[in-house]
$ cat protein21.txt   # compact mmCIF, C-alpha atoms
# COMPACT_ATOMS: atom_id res chain seq x y z
CA MET A 1 91.15 126.13 130.84
CA SER A 2 89.92 125.02 134.27
CA GLN A 3 90.46 121.53 135.63
CA LYS A 4 86.72 120.81 135.48
CA GLU A 5 86.60 121.75 131.80
CA ASP A 6 89.61 119.53 131.18
CA PHE A 7 87.79 116.58 132.74
CA SER A 8 84.70 117.13 130.64
CA GLN A 9 86.86 117.11 127.50
CA LEU A 10 88.51 113.95 128.70
CA GLN A 11 85.11 112.40 129.32
CA LYS A 12 84.06 113.25 125.76
CA LEU A 13 87.22 111.58 124.52
CA LEU A 14 86.57 108.47 126.59
CA ARG A 15 83.14 108.13 125.00
CA VAL A 16 84.95 107.18 121.78
CA LYS A 17 85.60 103.86 123.49
CA ARG A 18 81.86 103.11 123.42
CA LEU A 19 82.34 102.34 119.74
CA GLU A 20 84.73 99.51 120.51
CA THR A 21 82.17 96.72 120.48
CA PRO A 22 81.80 93.83 118.07
CA GLY A 23 78.95 93.96 115.56
CA GLN A 24 75.37 92.98 116.33
CA GLU A 25 75.98 89.59 114.63
CA TYR A 26 78.35 88.67 117.45
CA PHE A 27 75.65 89.29 120.06
CA ASP A 28 72.99 87.56 117.94
CA ARG A 29 75.12 84.41 117.94
CA PHE A 30 76.32 84.70 121.53
CA VAL A 31 73.57 82.66 123.24
CA ASP A 32 74.15 79.71 120.88
CA ALA A 33 77.90 80.00 121.34
CA PHE A 34 77.35 80.03 125.11
CA HIS A 35 75.27 76.82 124.95
CA THR A 36 78.08 75.13 123.03
CA TYR A 37 80.62 76.39 125.57
CA GLN A 38 78.52 75.23 128.52
CA ARG A 39 78.00 71.77 127.03
CA ARG A 40 81.74 71.42 126.38
CA GLU A 41 82.56 72.57 129.92
CA ILE A 42 80.27 69.95 131.44
CA LEU A 43 81.64 67.16 129.27
CA GLN A 44 85.26 68.15 129.84
CA GLN A 45 84.99 69.21 133.47
CA GLU A 46 88.42 69.03 135.07
CA PRO A 47 88.69 67.17 138.36
CA TRP A 48 89.16 69.54 141.33
CA TYR A 49 92.76 68.46 141.88
CA ALA A 50 93.70 69.58 138.33
CA LYS A 51 92.46 73.07 139.19
CA VAL A 52 94.49 73.05 142.42
CA VAL A 53 97.59 72.08 140.43
CA GLU A 54 96.92 74.89 137.94
CA VAL A 55 96.48 77.53 140.67
CA LEU A 56 99.56 76.38 142.56
CA PHE A 57 101.93 75.96 139.66
CA GLU A 58 100.90 78.97 137.56
CA PRO A 59 103.12 81.36 139.60
CA TRP A 60 106.03 78.88 139.36
CA ILE A 61 105.65 78.73 135.57
CA ALA A 62 105.61 82.53 135.46
CA GLY A 63 108.82 82.45 137.51
CA VAL A 64 107.55 84.39 140.52
CA PRO A 65 106.63 81.93 143.30
CA ARG A 66 105.62 83.64 146.53
CA LEU A 67 106.03 82.41 150.09
CA ALA A 68 102.27 81.81 150.29
CA THR A 69 102.45 79.70 147.14
CA VAL A 70 105.27 77.62 148.55
CA ALA A 71 103.34 77.08 151.81
CA ALA A 72 100.13 76.23 149.96
CA SER A 73 102.02 73.82 147.70
CA ALA A 74 103.39 71.98 150.74
CA ALA A 75 99.92 71.81 152.33
CA CYS A 76 98.45 70.48 149.09
CA LEU A 77 101.18 67.89 148.76
CA VAL A 78 100.23 66.51 152.17
CA ALA A 79 96.50 66.66 151.32
CA GLY A 80 97.21 65.05 147.96
CA VAL A 81 99.03 62.11 149.51
CA ALA A 82 96.09 61.62 151.88
CA PHE A 83 93.65 61.83 148.98
CA PHE A 84 95.43 59.29 146.81
CA LEU A 85 95.64 56.86 149.70
CA GLY A 86 91.84 56.97 149.96
CA PRO A 87 89.22 55.55 147.54
CA ILE A 88 88.73 57.44 144.26
CA GLN A 89 85.21 58.06 143.01
CA SER A 90 84.61 58.90 139.35
CA GLY A 91 81.60 60.30 137.53
CA THR A 92 80.64 62.79 140.24
CA ALA A 93 79.66 66.40 139.49
CA HIS A 94 80.66 69.41 141.55
CA LEU A 95 77.74 71.72 142.32
CA ALA A 96 77.61 75.46 142.83
CA ASP A 97 76.90 75.18 146.55
CA GLY A 98 80.05 73.14 147.15
CA LYS A 99 78.26 69.77 147.28
CA VAL A 100 79.14 66.84 145.04
CA ALA A 101 76.44 64.90 143.19
CA HIS A 102 76.83 61.12 143.45
CA PRO A 103 77.10 59.38 140.02
CA ARG A 104 73.82 57.51 140.67
CA GLY A 105 72.04 60.83 141.01
CA ILE A 106 73.17 62.25 137.63
CA LEU A 107 70.67 61.73 134.85
CA VAL A 108 71.05 62.47 131.16
CA ALA A 109 68.17 62.74 128.68
CA ALA A 110 68.55 63.41 124.95
CA SER A 111 65.86 64.44 122.50
CA GLN A 112 65.38 66.51 119.37
CA LYS A 113 61.90 67.55 120.49
CA GLU A 114 61.21 71.07 121.64
CA GLU A 115 59.36 69.82 124.78
CA SER A 116 62.65 68.47 126.13
CA LEU A 117 63.66 72.05 126.94
CA GLN A 118 61.79 71.46 130.19
CA ILE A 119 62.91 68.59 132.39
CA GLN A 120 60.01 66.23 132.93
CA PRO A 121 60.41 64.63 136.38
CA GLU A 122 58.00 61.73 135.68
CA LEU A 123 60.02 60.56 132.67
CA ILE A 124 63.31 60.75 134.50
CA ASP A 125 61.79 59.08 137.58
CA THR A 126 60.86 56.19 135.30
CA ALA A 127 64.37 56.11 133.85
CA ALA A 128 65.75 56.11 137.39
CA GLY A 129 63.87 52.89 138.13
CA GLY A 130 60.62 54.26 139.53
CA ASP A 131 62.18 55.97 142.54
CA THR A 132 60.89 59.43 143.31
CA THR A 133 63.62 61.98 142.64
CA GLU A 134 64.20 65.59 143.61
CA LEU A 135 65.64 66.86 140.37
CA ARG A 136 67.64 70.01 139.89
CA PRO A 137 68.80 71.01 136.38
CA LEU A 138 72.56 71.04 135.74
CA TYR A 139 72.37 71.85 132.06
CA VAL A 140 69.60 71.96 129.45
CA ASN A 141 69.55 72.89 125.79
CA GLY A 142 67.58 72.02 122.65
CA HIS A 143 69.25 68.62 122.31
CA GLY A 144 69.06 67.27 125.81
CA ALA A 145 69.25 67.74 129.55
CA VAL A 146 71.53 66.81 132.42
CA ALA A 147 70.01 66.83 135.90
CA TYR A 148 70.95 65.63 139.36
CA ASP A 149 68.95 64.26 142.26
CA SER A 150 69.48 66.63 145.19
CA ARG A 151 68.99 63.72 147.64
CA LEU A 152 72.20 62.21 146.25
CA ALA A 153 74.30 65.38 146.59
CA PHE A 154 76.59 65.54 149.61
CA MET B 1 78.43 98.53 114.82
CA SER B 2 76.43 98.72 117.98
CA VAL B 3 77.06 101.26 120.70
CA GLU B 4 77.06 100.29 124.37
CA THR B 5 74.10 101.50 126.31
CA ALA B 6 74.26 102.25 130.00
CA LEU B 7 70.51 102.24 130.41
CA PRO B 8 68.79 99.19 131.82
CA PRO B 9 66.67 97.24 129.34
CA ASP B 10 63.03 98.17 128.92
CA LEU B 11 61.35 96.21 131.66
CA GLU B 12 57.82 97.41 130.94
CA ASN B 13 57.34 94.85 128.20
CA GLY B 14 58.79 91.82 129.94
CA PRO B 15 59.62 90.10 133.18
CA THR B 16 62.10 91.69 135.61
CA ASP B 17 65.58 90.24 136.04
CA GLU B 18 64.54 88.72 139.36
CA GLU B 19 61.52 87.02 137.75
CA LEU B 20 63.82 85.59 135.08
CA VAL B 21 66.18 84.32 137.78
CA ALA B 22 63.26 82.60 139.52
CA SER B 23 62.13 81.00 136.23
CA THR B 24 65.68 79.81 135.52
CA LEU B 25 65.86 78.17 138.94
CA LYS B 26 62.63 76.33 138.11
CA GLY B 27 64.35 74.89 135.01
CA ASP B 28 63.20 77.33 132.32
CA MET B 29 66.39 77.76 130.31
CA GLY B 30 64.78 80.26 127.96
CA ALA B 31 64.68 82.64 130.95
CA TYR B 32 68.46 82.44 131.39
CA ASP B 33 68.94 83.02 127.65
CA GLU B 34 66.91 86.21 128.07
CA LEU B 35 69.13 87.31 130.97
CA ILE B 36 72.17 86.71 128.76
CA ARG B 37 70.66 88.84 125.99
CA ARG B 38 69.96 91.63 128.47
CA PHE B 39 73.47 91.78 129.89
CA GLN B 40 75.81 90.52 127.16
CA GLY B 41 76.49 93.96 125.63
CA ARG B 42 77.16 95.77 128.88
CA LEU B 43 79.27 92.99 130.39
CA TYR B 44 81.22 92.68 127.16
CA GLY B 45 81.99 96.39 127.47
CA VAL B 46 83.16 96.14 131.08
CA ILE B 47 85.42 93.17 130.41
CA TYR B 48 86.79 94.56 127.16
CA HIS B 49 87.67 97.94 128.64
CA LEU B 50 89.52 96.15 131.44
CA THR B 51 91.43 93.72 129.21
CA SER B 52 91.65 95.60 125.86
CA ASN B 53 91.52 92.29 124.03
CA HIS B 54 88.48 90.93 122.23
CA GLU B 55 89.49 87.27 122.29
CA ASP B 56 90.08 87.34 126.04
CA THR B 57 86.82 89.25 126.50
CA ASN B 58 84.87 86.59 124.62
CA ASP B 59 86.37 83.81 126.77
CA LEU B 60 85.79 85.72 130.00
CA LEU B 61 82.21 86.59 129.07
CA MET B 62 81.43 82.89 128.56
CA GLU B 63 83.04 82.12 131.93
CA VAL B 64 81.04 84.87 133.64
CA PHE B 65 77.66 83.63 132.37
CA ASP B 66 78.64 80.04 133.17
CA LYS B 67 79.77 80.96 136.68
CA ALA B 68 76.59 83.02 137.25
CA TYR B 69 74.42 80.13 136.04
CA ARG B 70 76.11 77.66 138.38
CA SER B 71 75.90 80.10 141.28
CA LEU B 72 72.25 81.08 140.75
CA PRO B 73 71.01 78.74 143.51
CA THR B 74 73.13 80.74 145.96
CA PHE B 75 71.82 84.11 144.71
CA ARG B 76 69.81 85.37 147.68
CA GLY B 77 68.51 88.56 146.09
CA GLN B 78 70.23 90.76 148.71
CA SER B 79 71.53 92.84 145.83
CA SER B 80 69.99 93.13 142.37
CA PHE B 81 70.91 90.56 139.74
CA TYR B 82 72.40 93.45 137.79
CA THR B 83 74.86 94.32 140.60
CA TRP B 84 75.58 90.66 141.29
CA ILE B 85 76.53 89.70 137.73
CA TYR B 86 78.59 92.87 137.25
CA ARG B 87 80.51 91.89 140.38
CA ILE B 88 81.19 88.43 138.95
CA ALA B 89 82.40 89.97 135.68
CA ILE B 90 84.74 92.36 137.47
CA ASN B 91 86.14 89.71 139.82
CA ARG B 92 86.80 87.34 136.92
CA SER B 93 88.46 90.11 134.93
CA PHE B 94 90.63 91.07 137.91
CA ASN B 95 91.76 87.45 138.34
CA PHE B 96 92.57 87.30 134.65
CA LEU B 97 94.51 90.59 134.79
CA ASP B 98 96.53 89.39 137.80
CA LYS B 99 97.43 86.21 135.92
CA ARG B 100 98.33 88.18 132.81
CA LYS B 101 100.48 90.55 134.85
CA ARG B 102 102.38 87.64 136.39
CA ARG B 103 102.83 86.05 132.99
CA GLN B 104 104.02 89.24 131.29
CA GLY B 105 107.57 88.40 132.26
CA ALA B 106 107.20 85.16 130.35
CA MET B 107 105.53 86.77 127.29
CA SER B 108 107.48 86.71 124.04
CA LEU B 109 108.53 90.02 122.52
CA ASN B 110 106.08 89.40 119.68
CA GLU B 111 103.21 89.68 122.13
CA LEU B 112 104.26 93.14 123.34
CA ASP B 113 104.13 96.47 121.58
CA GLU B 114 106.98 98.97 121.63
CA ASP B 115 105.95 100.37 125.04
CA GLY B 116 106.18 96.94 126.62
CA LEU B 117 102.40 96.67 126.99
CA PRO B 118 100.41 93.73 125.63
CA LYS B 119 99.42 94.33 122.02
CA LEU B 120 95.97 95.80 121.71
CA ASP B 121 93.27 94.09 119.75
CA LEU B 122 91.09 96.82 118.34
CA PRO B 123 88.05 96.61 116.10
CA ASP B 124 87.99 98.69 112.93
CA ILE B 125 85.76 101.66 113.75
CA SER B 126 87.36 103.97 111.21
CA PRO B 127 85.28 105.93 108.68
CA GLN B 128 85.40 104.04 105.40
CA ASN B 129 85.72 107.01 103.06
CA ASP B 130 88.30 109.21 104.74
CA PRO B 131 91.76 107.66 105.12
CA ASN B 132 93.11 110.62 107.12
CA LYS B 133 90.30 110.44 109.65
CA SER B 134 90.76 106.70 109.79
CA ILE B 135 94.45 107.02 110.67
CA MET B 136 93.73 109.67 113.30
CA LEU B 137 90.95 107.62 114.86
CA ASN B 138 93.12 104.51 115.04
CA GLU B 139 95.93 106.51 116.61
CA LEU B 140 93.52 107.98 119.15
CA GLN B 141 92.07 104.56 119.92
CA ASN B 142 95.55 103.14 120.51
CA LYS B 143 96.55 106.02 122.73
CA LEU B 144 93.31 105.78 124.74
CA ASN B 145 93.79 102.08 125.33
CA GLU B 146 97.45 102.47 126.23
CA SER B 147 96.55 105.16 128.75
CA MET B 148 93.77 103.00 130.21
CA LEU B 149 96.15 100.04 130.59
CA LYS B 150 98.56 102.20 132.57
CA LEU B 151 95.88 102.73 135.24
CA SER B 152 95.47 100.24 138.07
CA LYS B 153 92.62 97.79 137.55
CA GLU B 154 90.48 99.55 140.20
CA HIS B 155 90.94 102.94 138.54
CA ARG B 156 90.28 101.48 135.10
CA THR B 157 87.08 99.93 136.41
CA VAL B 158 85.65 103.20 137.75
CA VAL B 159 86.51 104.98 134.49
CA THR B 160 84.84 102.19 132.51
CA LEU B 161 81.69 102.14 134.62
CA PHE B 162 81.34 105.91 134.99
CA ASP B 163 82.70 107.51 131.82
CA ILE B 164 82.10 104.78 129.28
CA GLN B 165 79.04 102.98 130.61
CA GLY B 166 77.44 105.96 132.32
CA LEU B 167 76.65 104.33 135.68
CA ALA B 168 76.02 106.52 138.74
CA HIS B 169 78.54 106.72 141.61
CA ALA B 170 76.13 104.89 143.92
CA GLU B 171 75.73 101.97 141.49
CA ILE B 172 79.49 101.71 141.02
CA ALA B 173 79.98 101.70 144.79
CA LYS B 174 77.53 98.79 145.14
CA ILE B 175 79.21 96.82 142.34
CA MET B 176 82.72 97.39 143.66
CA GLY B 177 81.77 96.95 147.30
CA CYS B 178 83.18 100.31 148.43
CA THR B 179 81.85 103.71 149.45
CA GLU B 180 80.75 106.44 147.05
CA GLY B 181 83.60 108.55 148.41
CA THR B 182 86.10 105.92 147.33
CA VAL B 183 84.54 105.83 143.87
CA ARG B 184 84.77 109.62 143.57
CA SER B 185 88.38 109.74 144.74
CA ARG B 186 89.42 106.89 142.41
CA LEU B 187 87.68 108.64 139.55
CA HIS B 188 89.40 111.93 140.31
CA TYR B 189 92.82 110.26 140.44
CA ALA B 190 92.17 108.29 137.25
CA HIS B 191 91.02 111.42 135.42
CA LYS B 192 94.18 113.24 136.44
CA GLN B 193 96.36 110.36 135.24
CA LEU B 194 94.50 110.08 131.94
CA GLN B 195 94.63 113.81 131.44
CA LYS B 196 98.39 113.68 131.86
CA SER B 197 98.87 110.98 129.24
CA LEU B 198 96.20 112.23 126.83
CA GLY B 199 96.95 115.94 127.23
CA ILE B 200 98.02 116.41 123.63
CA TYR B 201 94.67 115.17 122.35
CA LEU B 202 92.72 117.33 124.78
CA LYS B 203 94.40 120.55 123.64
CA LYS B 204 93.65 119.92 119.95

$ encode --input "protein21.txt" --output "structure tokens"
Amino acid sequence: MSQKEDFSQLQKLLRVKRLETPGQEYFDRFVDAFHTYQRREILQQEPWYAKVVEVLFEPWIAGVPRLATVAASAACLVAGVAFFLGPIQSGTAHLADGKVAHPRGILVAASQKEESLQIQPELIDTAAGGDTTELRPLYVNGHGAVAYDSRLAF
Amino acid sequence: MSVETALPPDLENGPTDEELVASTLKGDMGAYDELIRRFQGRLYGVIYHLTSNHEDTNDLLMEVFDKAYRSLPTFRGQSSFYTWIYRIAINRSFNFLDKRKRRQGAMSLNELDEDGLPKLDLPDISPQNDPNKSIMLNELQNKLNESMLKLSKEHRTVVTLFDIQGLAHAEIAKIMGCTEGTVRSRLHYAHKQLQKSLGIYLKK
């Protein structure tokens, strides 16, 4: 048997793995499950320093700290001291482009109506006290919407 | 039981991926739901064949779509959405595998099978009426997954994308950010390794 033939047999064998998928019901429910996940993530968003602690200490917990980890831990300790000496701001949201939305710029709207799937700037402008906003969606589903004003993201 | 398809969804009857991305950025969440429906099966396959665990795959798939949604404003369209989201899925899976590898030393013996590999979480794809076939298929499935887990994550990825998902070398190269030559050489090496460990099944 030539090597090429061997590979084609192997490839046939590997195709068996295509069957290893969950049933269609899993995929039918996935979008709803994702909305639930996304909502939970937004409500329980960890502060950035918790993520830093997780990244830094995970190798220590696993028992294999590297030199880079030790150096990064020391750098973070210094940065952490500086951070905690400064003012702490709560209620901010971290955005995909690295900016942070100021708490005043985060707006939440809740409704059971289907129309709320689209953010309506006029309504939220009114809720924001009549100021004109430049809204960007953070999260929207059938029950409500969370948006931020891009002018208040720094 | 659905079977993974490597073919892109039928775009003749609906908007393109890029049009859906643009609609999502304008606040139409239904458009992002449609993107999820288009890619959930294929991304599930990629992540599952890298991790061999359904629970981890489910968690990672959620993370991938969440990360992609948050990063959409930075998506410049230099590559297709298809390539971009595959890249996110692979990077996330690699990070997860690195963490799992580091933690393996701290895993309890109950979490490992007799070969010292993490226990595999396999769906029941066995024929209902033939117990002998069922046993053989389960054995084959276990052996296939064990052999895949022995490959490096890069080699496992090319096998997954080429042999299981049916992507072309050029597409894989774009997703993995390497040359087609690298894809071909990784594939050749991975095939040789798999052939070595699965030889007994190939001669049957």

$ residues_around --input "protein21.txt" --residues "Phe75 of chain B" --least-positions-apart "6" --cutoff "12 Å" --atoms "all atoms listed in the file" --output "NGL selection string"
(:A and (96-97)) or (:B and (18 or 21-22 or 24-25 or 67-69 or 81-85 or 88))

$ write_last_selection --input "protein21.txt" --atoms "C-alpha atoms" --output "CSV table (one decimal), in the coordinates of the input"
chain,number,residue,atom,x,y,z
A,96,ALA,CA,77.6,75.5,142.8
A,97,ASP,CA,76.9,75.2,146.6
B,18,GLU,CA,64.5,88.7,139.4
B,21,VAL,CA,66.2,84.3,137.8
B,22,ALA,CA,63.3,82.6,139.5
B,24,THR,CA,65.7,79.8,135.5
B,25,LEU,CA,65.9,78.2,138.9
B,67,LYS,CA,79.8,81.0,136.7
B,68,ALA,CA,76.6,83.0,137.2
B,69,TYR,CA,74.4,80.1,136.0
B,81,PHE,CA,70.9,90.6,139.7
B,82,TYR,CA,72.4,93.4,137.8
B,83,THR,CA,74.9,94.3,140.6
B,84,TRP,CA,75.6,90.7,141.3
B,85,ILE,CA,76.5,89.7,137.7
B,88,ILE,CA,81.2,88.4,139.0

$ residues_around --input "protein21.txt" --residues "Gln40 of chain B" --least-positions-apart "4" --cutoff "10 Å" --atoms "all atoms listed in the file" --output "ChimeraX atom specification"
/A:27,30-31 /B:34-36,44-45,61-62,65

$ atom_distance --input "protein21.txt" --atom1 "atom CA of Asp163 of chain B" --atom2 "atom CA of Gln11 of chain A"
6.0 Å

$ closest_residue --input "protein21.txt" --among "A:Phe34, A:Val100, A:Cys76, A:Tyr26" --to "chain B" --atoms "only C-alpha atoms"
A:Phe34

$ closest_residue --input "protein21.txt" --among "B:Gln141, B:Gln78, B:Thr157, B:Ser147" --to "Leu187 of chain B" --atoms "all atoms listed in the file"
B:Thr157

$ residues_around --input "protein21.txt" --residues "His49 of chain B" --least-positions-apart "5" --cutoff "10 Å" --atoms "all atoms listed in the file" --output "list in words"
Lys17, Arg18, Glu20 and Thr21 of chain A; Leu43, Tyr44, His54, Thr57, Asn145, Met148, Leu149, Arg156, Thr157, Val159, Thr160, Leu161 and Ile164 of chain B

$ atom_distance --input "protein21.txt" --atom1 "atom CA of Gln195 of chain B" --atom2 "atom CA of Thr179 of chain B"
24.3 Å

$ atom_distance --input "protein21.txt" --atom1 "atom CA of Val64 of chain B" --atom2 "atom CA of Ala89 of chain B"
5.7 Å

$ closest_residue --input "protein21.txt" --among "B:Ser152, B:Asn91, B:Asn132, B:Thr74" --to "chain A" --atoms "all atoms listed in the file"
B:Thr74

$ closest_residue --input "protein21.txt" --among "A:Leu13, A:Glu41, A:Gly23, A:Phe57" --to "chain B" --atoms "only C-alpha atoms"
A:Gly23

$ residues_around --input "protein21.txt" --residues "segment 170-173 of chain B" --least-positions-apart "4" --cutoff "10 Å" --atoms "all atoms listed in the file" --output "PyMOL selection string"
chain B and resi 82-83+86-87+157-158+161-162+166+177-184
